[in-house]
file final.txt (compact mmCIF, C-alpha atoms)
# COMPACT_ATOMS: atom_id res chain seq x y z
CA MET K 1 23.37 -13.89 -11.13
CA ALA K 2 20.86 -16.63 -11.84
CA LEU K 3 22.32 -18.66 -9.01
CA ASN K 4 22.07 -15.70 -6.69
CA LEU K 5 18.42 -15.14 -7.56
CA TYR K 6 17.57 -18.73 -6.75
CA TYR K 7 19.46 -18.38 -3.50
CA TYR K 8 17.32 -15.43 -2.42
CA ALA K 9 14.15 -17.07 -3.72
CA SER K 10 14.51 -19.74 -1.05
CA PRO K 11 12.01 -18.90 1.71
CA ALA K 12 14.52 -19.60 4.49
CA THR K 13 17.14 -17.20 3.12
CA PHE K 14 14.53 -14.61 2.30
CA TYR K 15 13.02 -14.83 5.78
CA HIS K 16 16.30 -13.92 7.45
CA LEU K 17 17.32 -11.30 4.89
CA SER K 18 13.96 -9.52 4.98
CA GLY K 19 14.00 -9.52 8.79
CA LYS K 20 17.15 -7.43 8.62
CA LEU K 21 15.75 -5.07 5.97
CA ILE K 22 12.37 -4.24 7.56
CA PRO K 23 13.65 -1.76 10.21
CA TRP K 24 15.58 0.17 7.55
CA PHE K 25 12.55 0.52 5.30
CA GLY K 26 10.23 1.23 8.22
CA TRP K 27 12.32 3.93 9.85
CA SER K 28 13.22 5.66 6.60
CA ALA K 29 9.49 5.71 5.76
CA ALA K 30 8.78 7.35 9.13
CA LEU K 31 11.56 9.90 8.64
CA LEU K 32 10.44 10.83 5.13
CA THR K 33 6.81 11.07 6.29
CA ALA K 34 7.89 13.57 8.96
CA ILE K 35 9.81 15.64 6.40
CA GLY K 36 6.96 15.37 3.89
CA LEU K 37 4.37 16.48 6.45
CA TYR K 38 6.53 19.43 7.47
CA ILE K 39 6.76 20.57 3.84
CA SER K 40 3.04 19.90 3.29
CA PHE K 41 1.86 22.03 6.20
CA PHE K 42 4.60 24.56 6.92
CA MET K 43 6.48 25.22 3.70
CA ALA K 44 3.95 24.78 0.91
CA PRO K 45 1.96 28.01 0.44
CA THR K 46 -1.82 28.39 0.32
CA ASP K 47 -3.22 27.59 -3.13
CA PHE K 48 -4.59 30.64 -4.93
CA GLN K 49 -7.67 28.75 -6.17
CA GLN K 50 -8.37 26.08 -3.59
CA GLY K 51 -7.13 27.72 -0.40
CA GLU K 52 -5.98 25.19 2.22
CA ALA K 53 -8.19 22.37 0.90
CA TYR K 54 -5.57 21.43 -1.66
CA ARG K 55 -3.32 20.08 1.14
CA ILE K 56 -5.24 16.82 0.79
CA ILE K 57 -3.11 16.31 -2.35
CA PHE K 58 -0.10 15.26 -0.24
CA ILE K 59 -1.82 12.01 0.69
CA HIS K 60 -4.40 11.70 -2.07
CA VAL K 61 -1.96 11.50 -4.99
CA PRO K 62 0.65 9.24 -3.32
CA ALA K 63 -2.17 6.90 -2.17
CA ALA K 64 -3.69 6.79 -5.66
CA TRP K 65 -0.28 6.10 -7.22
CA MET K 66 0.41 3.32 -4.72
CA SER K 67 -3.02 1.76 -5.32
CA MET K 68 -2.08 1.28 -8.99
CA PHE K 69 1.62 0.43 -8.51
CA ILE K 70 0.93 -2.21 -5.89
CA TYR K 71 -1.64 -3.86 -8.14
CA LEU K 72 0.85 -4.04 -11.00
CA ILE K 73 3.52 -5.50 -8.72
CA MET K 74 1.02 -8.08 -7.46
CA ALA K 75 0.22 -8.99 -11.07
CA PHE K 76 3.96 -9.19 -11.82
CA TRP K 77 4.59 -11.63 -8.93
CA GLY K 78 1.50 -13.59 -9.90
CA ALA K 79 2.78 -13.95 -13.47
CA ILE K 80 6.24 -14.99 -12.24
CA GLY K 81 4.65 -17.53 -9.93
CA LEU K 82 2.49 -18.99 -12.69
CA ALA K 83 5.41 -19.15 -15.12
CA PHE K 84 8.15 -20.48 -12.84
CA LYS K 85 6.12 -22.09 -10.00
CA THR K 86 8.13 -20.16 -7.43
CA ARG K 87 6.42 -20.31 -4.04
CA LEU K 88 7.83 -17.06 -2.80
CA SER K 89 6.39 -15.08 -5.75
CA PHE K 90 2.84 -16.07 -4.84
CA MET K 91 3.50 -15.21 -1.23
CA MET K 92 4.73 -11.74 -2.24
CA SER K 93 1.56 -11.24 -4.23
CA ARG K 94 -0.56 -12.19 -1.21
CA ALA K 95 1.47 -10.00 1.11
CA LEU K 96 0.91 -6.90 -1.04
CA ALA K 97 -2.87 -7.12 -1.47
CA PRO K 98 -4.07 -5.74 1.89
CA THR K 99 -1.75 -2.72 1.64
CA GLY K 100 -2.92 -2.11 -1.93
CA ALA K 101 -6.54 -2.20 -0.77
CA LEU K 102 -5.65 0.20 2.05
CA PHE K 103 -4.17 2.77 -0.33
CA THR K 104 -7.12 2.41 -2.72
CA PHE K 105 -9.51 3.07 0.14
CA ILE K 106 -7.49 6.14 1.18
CA ALA K 107 -7.42 7.47 -2.39
CA LEU K 108 -11.22 7.19 -2.57
CA TRP K 109 -11.81 8.54 0.95
CA THR K 110 -9.55 11.58 0.54
CA GLY K 111 -11.01 12.08 -2.93
CA ALA K 112 -14.49 12.30 -1.44
CA LEU K 113 -13.31 14.76 1.21
CA TRP K 114 -11.69 16.85 -1.50
CA GLY K 115 -14.58 16.56 -3.95
CA LYS K 116 -17.16 17.85 -1.49
CA PRO K 117 -15.71 21.37 -1.03
CA MET K 118 -14.41 21.69 -4.63
CA TRP K 119 -17.08 20.01 -6.76
CA GLY K 120 -19.95 20.14 -4.29
CA ALA K 121 -20.31 16.35 -4.23
CA TRP K 122 -18.74 13.53 -2.19
CA TRP K 123 -19.05 11.20 -5.12
CA VAL K 124 -19.82 11.31 -8.84
CA TRP K 125 -19.91 8.41 -11.29
CA ASP K 126 -16.98 9.82 -13.20
CA ALA K 127 -14.69 7.46 -15.16
CA ARG K 128 -11.68 8.06 -12.89
CA LEU K 129 -13.62 7.58 -9.66
CA THR K 130 -15.56 4.58 -10.91
CA SER K 131 -12.50 2.73 -12.22
CA GLU K 132 -10.69 3.36 -8.92
CA LEU K 133 -13.70 1.94 -7.07
CA ILE K 134 -13.49 -1.14 -9.31
CA LEU K 135 -9.84 -1.44 -8.27
CA LEU K 136 -10.93 -1.60 -4.63
CA PHE K 137 -13.44 -4.34 -5.50
CA LEU K 138 -10.70 -6.23 -7.35
CA TYR K 139 -8.42 -6.14 -4.31
CA ILE K 140 -11.25 -7.29 -2.05
CA GLY K 141 -12.32 -9.98 -4.55
CA ILE K 142 -8.81 -11.37 -4.87
CA MET K 143 -8.33 -11.51 -1.10
CA ALA K 144 -11.75 -13.17 -0.69
CA LEU K 145 -10.80 -15.74 -3.31
CA TRP K 146 -7.57 -16.56 -1.48
CA ALA K 147 -9.45 -16.81 1.79
CA ALA K 148 -12.05 -19.13 0.27
CA ILE K 149 -9.60 -21.71 -1.11
CA ASP K 150 -8.02 -23.87 1.58
CA ASP K 151 -5.49 -25.53 -0.69
CA SER K 152 -2.84 -22.82 -0.74
CA GLN K 153 -1.33 -23.85 -4.09
CA ARG K 154 -4.66 -23.84 -5.88
CA GLY K 155 -5.53 -20.58 -4.18
CA ASP K 156 -2.24 -19.07 -5.32
CA ARG K 157 -2.92 -19.94 -8.94
CA ALA K 158 -6.56 -18.85 -8.94
CA GLY K 159 -5.67 -15.55 -7.24
CA ALA K 160 -2.81 -14.89 -9.64
CA LEU K 161 -5.08 -15.50 -12.62
CA LEU K 162 -7.74 -13.12 -11.31
CA THR K 163 -5.04 -10.53 -10.54
CA LEU K 164 -3.72 -10.76 -14.10
CA VAL K 165 -7.15 -10.42 -15.68
CA GLY K 166 -7.93 -7.44 -13.45
CA ALA K 167 -4.68 -5.69 -14.42
CA ILE K 168 -6.50 -4.30 -17.48
CA ASN K 169 -8.22 -1.92 -15.07
CA VAL K 170 -4.97 -0.10 -14.17
CA PRO K 171 -4.36 1.57 -17.57
CA ILE K 172 -8.07 2.35 -17.66
CA ILE K 173 -7.74 4.25 -14.37
CA TYR K 174 -4.60 6.00 -15.52
CA PHE K 175 -5.89 7.12 -18.92
CA SER K 176 -9.53 7.65 -17.88
CA VAL K 177 -8.95 11.41 -17.55
CA LYS K 178 -7.72 11.49 -21.17
CA TRP K 179 -10.16 9.10 -22.77
CA TRP K 180 -13.34 10.50 -21.28
CA ASN K 181 -14.63 13.84 -20.15
CA THR K 182 -14.16 13.55 -16.43
CA LEU K 183 -14.90 15.88 -13.56
CA HIS K 184 -11.62 14.65 -12.12
CA GLN K 185 -8.76 16.79 -13.39
CA GLY K 186 -6.01 15.48 -15.67
CA ALA K 187 -2.53 14.56 -14.48
CA SER K 188 -0.52 17.41 -12.92
CA VAL K 189 2.61 15.27 -12.97
CA SER K 190 3.62 13.06 -15.87
CA LEU K 191 6.78 11.76 -17.46
CA THR K 192 6.25 13.55 -20.74
CA LYS K 193 5.74 17.17 -19.71
CA ALA K 194 6.82 19.60 -17.00
CA PRO K 195 4.64 19.37 -13.89
CA SER K 196 1.90 21.99 -13.66
CA MET K 197 2.28 22.77 -9.97
CA ALA K 198 4.56 24.82 -7.71
CA LYS K 199 7.98 23.26 -7.03
CA ILE K 200 7.58 23.10 -3.26
CA MET K 201 4.16 21.42 -3.54
CA LEU K 202 5.62 18.91 -5.98
CA LEU K 203 8.55 18.23 -3.66
CA GLY K 204 6.24 17.57 -0.69
CA MET K 205 4.12 15.24 -2.78
CA LEU K 206 7.11 13.29 -4.12
CA ILE K 207 8.60 12.86 -0.65
CA MET K 208 5.26 11.55 0.63
CA ALA K 209 5.14 9.18 -2.36
CA ILE K 210 8.62 7.79 -1.60
CA ALA K 211 7.60 7.39 2.05
CA ALA K 212 4.54 5.43 0.90
CA TRP K 213 6.79 3.17 -1.19
CA LEU K 214 9.12 2.48 1.74
CA TYR K 215 6.16 1.85 4.03
CA THR K 216 4.68 -0.58 1.52
CA ILE K 217 7.95 -2.50 1.23
CA ALA K 218 8.29 -2.71 5.02
CA VAL K 219 4.76 -3.98 5.69
CA ALA K 220 4.76 -6.35 2.69
CA LEU K 221 8.02 -7.92 3.90
CA TYR K 222 6.61 -8.20 7.41
CA ARG K 223 3.47 -9.90 6.09
CA VAL K 224 5.39 -12.24 3.80
CA ARG K 225 7.52 -13.41 6.73
CA THR K 226 4.42 -14.51 8.62
CA LEU K 227 3.19 -16.29 5.48
CA ILE K 228 6.56 -18.04 5.13
CA LEU K 229 6.34 -19.30 8.72
CA GLU K 230 2.85 -20.69 8.12
CA ARG K 231 3.69 -22.40 4.87
CA GLU K 232 7.11 -23.72 5.85
CA ARG K 233 5.98 -24.88 9.28
CA ASN K 234 7.05 -28.46 8.64
CA THR K 235 10.61 -27.59 7.67
CA ASP K 236 13.48 -27.98 10.10
CA TRP K 237 14.49 -24.34 10.05
CA VAL K 238 11.02 -23.11 11.07
CA LYS K 239 10.81 -25.77 13.79
CA ALA K 240 14.19 -24.69 15.11
CA LEU K 241 13.14 -21.04 14.96
CA VAL K 242 9.88 -21.65 16.83
CA GLU K 243 11.69 -23.44 19.65
CA LYS K 244 13.81 -20.41 20.47
CA MET W 1 4.79 29.93 7.28
CA GLN W 2 1.17 30.94 6.79
CA TRP W 3 -0.33 30.13 10.20
CA ALA W 4 -0.88 33.01 12.60
CA SER W 5 -2.11 30.77 15.44
CA VAL W 6 -2.85 27.17 16.40
CA ASN W 7 -6.52 27.88 15.77
CA ASP W 8 -5.66 29.11 12.31
CA PHE W 9 -3.84 25.84 11.69
CA MET W 10 -6.74 23.74 12.94
CA THR W 11 -9.43 25.47 10.89
CA MET W 12 -7.39 25.27 7.64
CA GLY W 13 -9.11 28.31 6.18
CA GLY W 14 -12.54 26.71 6.65
CA TYR W 15 -11.51 23.34 5.21
CA GLY W 16 -10.45 21.78 8.53
CA LEU W 17 -13.00 18.97 8.37
CA TYR W 18 -11.87 17.89 4.91
CA VAL W 19 -8.12 18.24 5.41
CA TRP W 20 -8.00 16.66 8.87
CA GLY W 21 -10.58 14.05 7.88
CA SER W 22 -8.13 12.92 5.21
CA TYR W 23 -5.02 12.89 7.38
CA VAL W 24 -6.70 11.25 10.37
CA ALA W 25 -8.05 8.46 8.14
CA MET W 26 -4.59 7.86 6.67
CA ILE W 27 -2.96 7.67 10.09
CA ALA W 28 -5.76 5.44 11.41
CA VAL W 29 -5.46 2.82 8.64
CA VAL W 30 -1.67 2.73 8.95
CA VAL W 31 -1.88 2.21 12.71
CA ILE W 32 -4.55 -0.49 12.26
CA GLU W 33 -2.45 -2.26 9.63
CA ILE W 34 0.66 -2.29 11.82
CA VAL W 35 -1.29 -3.54 14.86
CA LEU W 36 -2.92 -6.33 12.81
CA LEU W 37 0.41 -7.34 11.29
CA ARG W 38 2.07 -7.67 14.70
CA LYS W 39 -0.91 -9.54 16.09
CA GLY W 40 -0.93 -11.91 13.12
CA ARG W 41 2.72 -12.72 13.53
CA SER W 42 2.56 -13.38 17.25
CA GLN W 43 -0.55 -15.56 16.77
CA THR W 44 1.19 -17.58 14.09
CA LEU W 45 4.27 -18.05 16.27
CA LYS W 46 2.10 -19.13 19.21
CA LEU W 47 0.22 -21.62 17.05
CA LEU W 48 3.43 -23.08 15.64
CA LYS W 49 4.86 -23.41 19.13
CA ARG W 50 1.76 -25.27 20.29
CA MET W 51 1.95 -27.60 17.29
CA ARG W 52 5.61 -28.22 18.05
CA ASN W 53 4.89 -29.11 21.69
CA TRP W 54 2.09 -31.41 20.57
CA GLU W 55 4.46 -33.28 18.26
CA GLU W 56 6.98 -33.81 21.02
CA GLN W 57 4.52 -35.47 23.39
call {"tool": "encode", "arguments": {"input": "final.txt", "output": "structure tokens"}}
result
Amino acid sequence: MALNLYYYASPATFYHLSGKLIPWFGWSAALLTAIGLYISFFMAPTDFQQGEAYRIIFIHVPAAWMSMFIYLIMAFWGAIGLAFKTRLSFMMSRALAPTGALFTFIALWTGALWGKPMWGAWWVWDARLTSELILLFLYIGIMALWAAIDDSQRGDRAGALLTLVGAINVPIIYFSVKWWNTLHQGASVSLTKAPSMAKIMLLGMLIMAIAAWLYTIAVALYRVRTLILERERNTDWVKALVEK
Amino acid sequence: MQWASVNDFMTMGGYGLYVWGSYVAMIAVVVIEIVLLRKGRSQTLKLLKRMRNWEEQ
């Protein structure tokens, strides 16, 4: 097992393997998005309180989940990279950041568009909203730090350290609706109790969330392959590949 | 299904701006990300090819 892991941690092996995996992740993400959208708009009924406005949930919640998950995975790869000095781990961390920032932006944007008709305000300085905004700044800050440091190894380490320190924000976002009185509602779906929403709505939301996962894997692998090419440009296998 | 007409679907019970504003933004950022990713890869490959040719001279 350990041997196998090292085998796949080699950038050359990973480059070829991931190239084969990307279409599978990409197309299954597209398929699940189509199914999820069909459920969201044609099967899920009108909400008795919020009318049709609630349909924003099908992207708002998956995007918000992804914004937190991706950050934790980035922190995980950063920690692995710092502990074991594995090049590929840092590259994975870098490859995830833009997609994490994208989902954070979407969570905030759709939240504003949902808040306006339901709360009467695009934005309030509520604990949930504010901590999610800080998450966006963390993503942007980490990417700016990477961009500012030319030496890629030093950049990797500095970025990983900042990512790890910032990880404290993720539980704050998650528990903000419990710890403080927030305008934002509490969790409708959690591991400890039955979900407080209609089954078909939940199904649509979960399918959209799985689609978001698959999409994230596909684009992160695509991005990491470009990073591998840049960093391994002086190796024989990249030179041979470029010549083709 | 709860839509009587296409118009009904577009107006979303008066919340059209908010619902479609959300979905259009999501689609837009995904399309932008995919375009940028493809562009980045082809630029990197072009650059590496140029460096390779330079070395061979």
call {"tool": "atom_distance", "arguments": {"input": "final.txt", "atom1": "atom CA of K:Ile142", "atom2": "atom CA of K:Gly159"}}
result
5.7 Å
call {"tool": "atom_distance", "arguments": {"input": "final.txt", "atom1": "atom CA of K:Gly100", "atom2": "atom CA of K:Ile70"}}
result
5.5 Å
call {"tool": "closest_residue", "arguments": {"input": "final.txt", "among": "K:Ile172, K:Pro98, K:Leu138, K:Leu133", "to": "W:Leu36", "atoms": "only C-alpha atoms"}}
result
K:Pro98
call {"tool": "interface_residues", "arguments": {"input": "final.txt", "of": "chain K", "to": "chain W", "cutoff": "8 Å", "atoms": "only C-alpha atoms", "output": "list in words"}}
result
Phe42, Met43, Pro45, Thr46, Gly51, Glu52, Ala53, Arg55, Ile56, Ile59, Leu102, Ile106, Trp109, Thr110, Leu113, Trp114, Pro117, Val219, Tyr222, Arg223, Thr226, Leu229, Glu230, Arg233, Lys239, Val242 and Glu243 of chain K
call {"tool": "residues_around", "arguments": {"input": "final.txt", "residues": "stretch 36-38 of chain K", "least_positions_apart": "5", "cutoff": "8 Å", "atoms": "all atoms listed in the file", "output": "number ranges by chain"}}
result
K: 43, 204-205, 207-208
call {"tool": "atom_distance", "arguments": {"input": "final.txt", "atom1": "atom CA of W:Ile27", "atom2": "atom CA of K:Ala212"}}
result
12.1 Å
call {"tool": "residues_near_point", "arguments": {"input": "final.txt", "point": "(11.9, -7.9, 8.7)", "cutoff": "9 Å", "atoms": "all atoms listed in the file", "output": "list in words"}}
result
Tyr15, His16, Leu17, Ser18, Gly19, Lys20, Leu21, Ile22, Pro23, Trp24, Ala218, Val219, Leu221, Tyr222 and Arg225 of chain K
call {"tool": "closest_residue", "arguments": {"input": "final.txt", "among": "K:Leu82, K:Ala29, K:Ala101, K:Ile134", "to": "K:Gly166", "atoms": "only C-alpha atoms"}}
result
K:Ile134
call {"tool": "residues_around", "arguments": {"input": "final.txt", "residues": "K:Ser89", "least_positions_apart": "4", "cutoff": "12 Å", "atoms": "all atoms listed in the file", "output": "PyMOL selection string"}}
result
chain K and resi 6+8-11+14+73-85+93-96+153+156-157+160+224+227-228
call {"tool": "write_last_selection", "arguments": {"input": "final.txt", "atoms": "C-alpha atoms", "output": "CSV table (one decimal), in the frame of the given file"}}
result
chain,number,residue,atom,x,y,z
K,6,TYR,CA,17.6,-18.7,-6.8
K,8,TYR,CA,17.3,-15.4,-2.4
K,9,ALA,CA,14.2,-17.1,-3.7
K,10,SER,CA,14.5,-19.7,-1.0
K,11,PRO,CA,12.0,-18.9,1.7
K,14,PHE,CA,14.5,-14.6,2.3
K,73,ILE,CA,3.5,-5.5,-8.7
K,74,MET,CA,1.0,-8.1,-7.5
K,75,ALA,CA,0.2,-9.0,-11.1
K,76,PHE,CA,4.0,-9.2,-11.8
K,77,TRP,CA,4.6,-11.6,-8.9
K,78,GLY,CA,1.5,-13.6,-9.9
K,79,ALA,CA,2.8,-14.0,-13.5
K,80,ILE,CA,6.2,-15.0,-12.2
K,81,GLY,CA,4.6,-17.5,-9.9
K,82,LEU,CA,2.5,-19.0,-12.7
K,83,ALA,CA,5.4,-19.2,-15.1
K,84,PHE,CA,8.2,-20.5,-12.8
K,85,LYS,CA,6.1,-22.1,-10.0
K,93,SER,CA,1.6,-11.2,-4.2
K,94,ARG,CA,-0.6,-12.2,-1.2
K,95,ALA,CA,1.5,-10.0,1.1
K,96,LEU,CA,0.9,-6.9,-1.0
K,153,GLN,CA,-1.3,-23.8,-4.1
K,156,ASP,CA,-2.2,-19.1,-5.3
K,157,ARG,CA,-2.9,-19.9,-8.9
K,160,ALA,CA,-2.8,-14.9,-9.6
K,224,VAL,CA,5.4,-12.2,3.8
K,227,LEU,CA,3.2,-16.3,5.5
K,228,ILE,CA,6.6,-18.0,5.1
call {"tool": "decode", "arguments": {"input": "final.txt", "residues": "stretch 227-238 of chain K", "atoms": "all heavy atoms", "output": "mmCIF file, in the first residue's frame"}}
result
data_model
loop_
_atom_site.group_PDB
_atom_site.id
_atom_site.type_symbol
_atom_site.label_atom_id
_atom_site.label_comp_id
_atom_site.auth_asym_id
_atom_site.auth_seq_id
_atom_site.Cartn_x
_atom_site.Cartn_y
_atom_site.Cartn_z
ATOM 1 N N LEU K 227 -0.009 22.612 -13.715
ATOM 2 C CA LEU K 227 1.032 22.933 -12.735
ATOM 3 C C LEU K 227 2.190 21.937 -12.817
ATOM 4 O O LEU K 227 3.362 22.316 -12.739
ATOM 5 C CB LEU K 227 0.451 22.886 -11.323
ATOM 6 C CG LEU K 227 -0.112 24.175 -10.751
ATOM 7 C CD1 LEU K 227 -0.789 23.889 -9.420
ATOM 8 C CD2 LEU K 227 1.001 25.191 -10.571
ATOM 9 N N ILE K 228 1.844 20.646 -12.985
ATOM 10 C CA ILE K 228 2.880 19.614 -13.091
ATOM 11 C C ILE K 228 3.770 19.900 -14.301
ATOM 12 O O ILE K 228 4.995 19.849 -14.207
ATOM 13 C CB ILE K 228 2.247 18.202 -13.185
ATOM 14 C CG1 ILE K 228 1.603 17.821 -11.850
ATOM 15 C CG2 ILE K 228 3.286 17.163 -13.580
ATOM 16 C CD1 ILE K 228 0.832 16.507 -11.874
ATOM 17 N N LEU K 229 3.148 20.239 -15.426
ATOM 18 C CA LEU K 229 3.936 20.528 -16.633
ATOM 19 C C LEU K 229 4.908 21.675 -16.390
ATOM 20 O O LEU K 229 6.072 21.616 -16.790
ATOM 21 C CB LEU K 229 3.008 20.887 -17.799
ATOM 22 C CG LEU K 229 2.215 19.754 -18.445
ATOM 23 C CD1 LEU K 229 1.390 20.294 -19.594
ATOM 24 C CD2 LEU K 229 3.150 18.656 -18.934
ATOM 25 N N GLU K 230 4.406 22.728 -15.717
ATOM 26 C CA GLU K 230 5.271 23.896 -15.473
ATOM 27 C C GLU K 230 6.438 23.535 -14.565
ATOM 28 O O GLU K 230 7.577 23.916 -14.822
ATOM 29 C CB GLU K 230 4.459 25.020 -14.822
ATOM 30 C CG GLU K 230 3.553 25.742 -15.807
ATOM 31 C CD GLU K 230 2.534 26.629 -15.119
ATOM 32 O OE1 GLU K 230 2.612 26.815 -13.887
ATOM 33 O OE2 GLU K 230 1.633 27.133 -15.826
ATOM 34 N N ARG K 231 6.130 22.793 -13.509
ATOM 35 C CA ARG K 231 7.175 22.538 -12.517
ATOM 36 C C ARG K 231 8.142 21.438 -12.926
ATOM 37 O O ARG K 231 9.264 21.393 -12.455
ATOM 38 C CB ARG K 231 6.523 22.157 -11.193
ATOM 39 C CG ARG K 231 5.786 23.326 -10.603
ATOM 40 C CD ARG K 231 5.753 23.196 -9.128
ATOM 41 N NE ARG K 231 5.022 24.284 -8.529
ATOM 42 C CZ ARG K 231 4.735 24.339 -7.239
ATOM 43 N NH1 ARG K 231 5.116 23.358 -6.447
ATOM 44 N NH2 ARG K 231 4.091 25.358 -6.745
ATOM 45 N N GLU K 232 7.663 20.524 -13.762
ATOM 46 C CA GLU K 232 8.518 19.395 -14.160
ATOM 47 C C GLU K 232 9.079 19.622 -15.557
ATOM 48 O O GLU K 232 9.458 18.667 -16.224
ATOM 49 C CB GLU K 232 7.698 18.095 -14.136
ATOM 50 C CG GLU K 232 7.018 17.801 -12.818
ATOM 51 C CD GLU K 232 7.958 17.231 -11.770
ATOM 52 O OE1 GLU K 232 8.596 16.217 -12.046
ATOM 53 O OE2 GLU K 232 8.062 17.831 -10.680
ATOM 54 N N ARG K 233 9.115 20.899 -15.988
ATOM 55 C CA ARG K 233 9.472 21.170 -17.381
ATOM 56 C C ARG K 233 10.876 20.692 -17.759
ATOM 57 O O ARG K 233 11.147 20.450 -18.920
ATOM 58 C CB ARG K 233 9.321 22.648 -17.694
ATOM 59 C CG ARG K 233 10.186 23.565 -16.849
ATOM 60 C CD ARG K 233 9.998 25.008 -17.244
ATOM 61 N NE ARG K 233 10.768 25.881 -16.374
ATOM 62 C CZ ARG K 233 10.304 26.361 -15.218
ATOM 63 N NH1 ARG K 233 9.076 26.072 -14.840
ATOM 64 N NH2 ARG K 233 11.048 27.138 -14.458
ATOM 65 N N ASN K 234 11.750 20.544 -16.786
ATOM 66 C CA ASN K 234 13.107 20.114 -17.116
ATOM 67 C C ASN K 234 13.301 18.601 -17.071
ATOM 68 O O ASN K 234 14.410 18.111 -17.271
ATOM 69 C CB ASN K 234 14.105 20.784 -16.169
ATOM 70 C CG ASN K 234 14.154 22.285 -16.423
ATOM 71 O OD1 ASN K 234 14.035 22.719 -17.573
ATOM 72 N ND2 ASN K 234 14.286 23.067 -15.373
ATOM 73 N N THR K 235 12.230 17.879 -16.816
ATOM 74 C CA THR K 235 12.370 16.416 -16.780
ATOM 75 C C THR K 235 12.211 15.850 -18.195
ATOM 76 O O THR K 235 11.610 16.484 -19.067
ATOM 77 C CB THR K 235 11.304 15.776 -15.878
ATOM 78 O OG1 THR K 235 10.023 16.125 -16.406
ATOM 79 C CG2 THR K 235 11.404 16.265 -14.444
ATOM 80 N N ASP K 236 12.750 14.668 -18.381
ATOM 81 C CA ASP K 236 12.706 14.046 -19.708
ATOM 82 C C ASP K 236 11.289 13.757 -20.178
ATOM 83 O O ASP K 236 10.968 13.921 -21.345
ATOM 84 C CB ASP K 236 13.521 12.740 -19.690
ATOM 85 C CG ASP K 236 15.013 13.040 -19.573
ATOM 86 O OD1 ASP K 236 15.406 14.164 -19.934
ATOM 87 O OD2 ASP K 236 15.759 12.161 -19.100
ATOM 88 N N TRP K 237 10.441 13.328 -19.217
ATOM 89 C CA TRP K 237 9.097 12.926 -19.664
ATOM 90 C C TRP K 237 8.289 14.114 -20.148
ATOM 91 O O TRP K 237 7.531 13.998 -21.116
ATOM 92 C CB TRP K 237 8.364 12.119 -18.591
ATOM 93 C CG TRP K 237 7.862 12.895 -17.406
ATOM 94 C CD1 TRP K 237 8.529 13.151 -16.261
ATOM 95 C CD2 TRP K 237 6.578 13.497 -17.262
ATOM 96 N NE1 TRP K 237 7.763 13.880 -15.403
ATOM 97 C CE2 TRP K 237 6.549 14.107 -15.985
ATOM 98 C CE3 TRP K 237 5.438 13.582 -18.061
ATOM 99 C CZ2 TRP K 237 5.444 14.795 -15.503
ATOM 100 C CZ3 TRP K 237 4.334 14.260 -17.586
ATOM 101 C CH2 TRP K 237 4.335 14.861 -16.327
ATOM 102 N N VAL K 238 8.457 15.295 -19.502
ATOM 103 C CA VAL K 238 7.731 16.477 -19.979
ATOM 104 C C VAL K 238 8.297 16.933 -21.318
ATOM 105 O O VAL K 238 7.548 17.282 -22.235
ATOM 106 C CB VAL K 238 7.766 17.625 -18.942
ATOM 107 C CG1 VAL K 238 7.191 18.900 -19.534
ATOM 108 C CG2 VAL K 238 6.989 17.240 -17.699
#
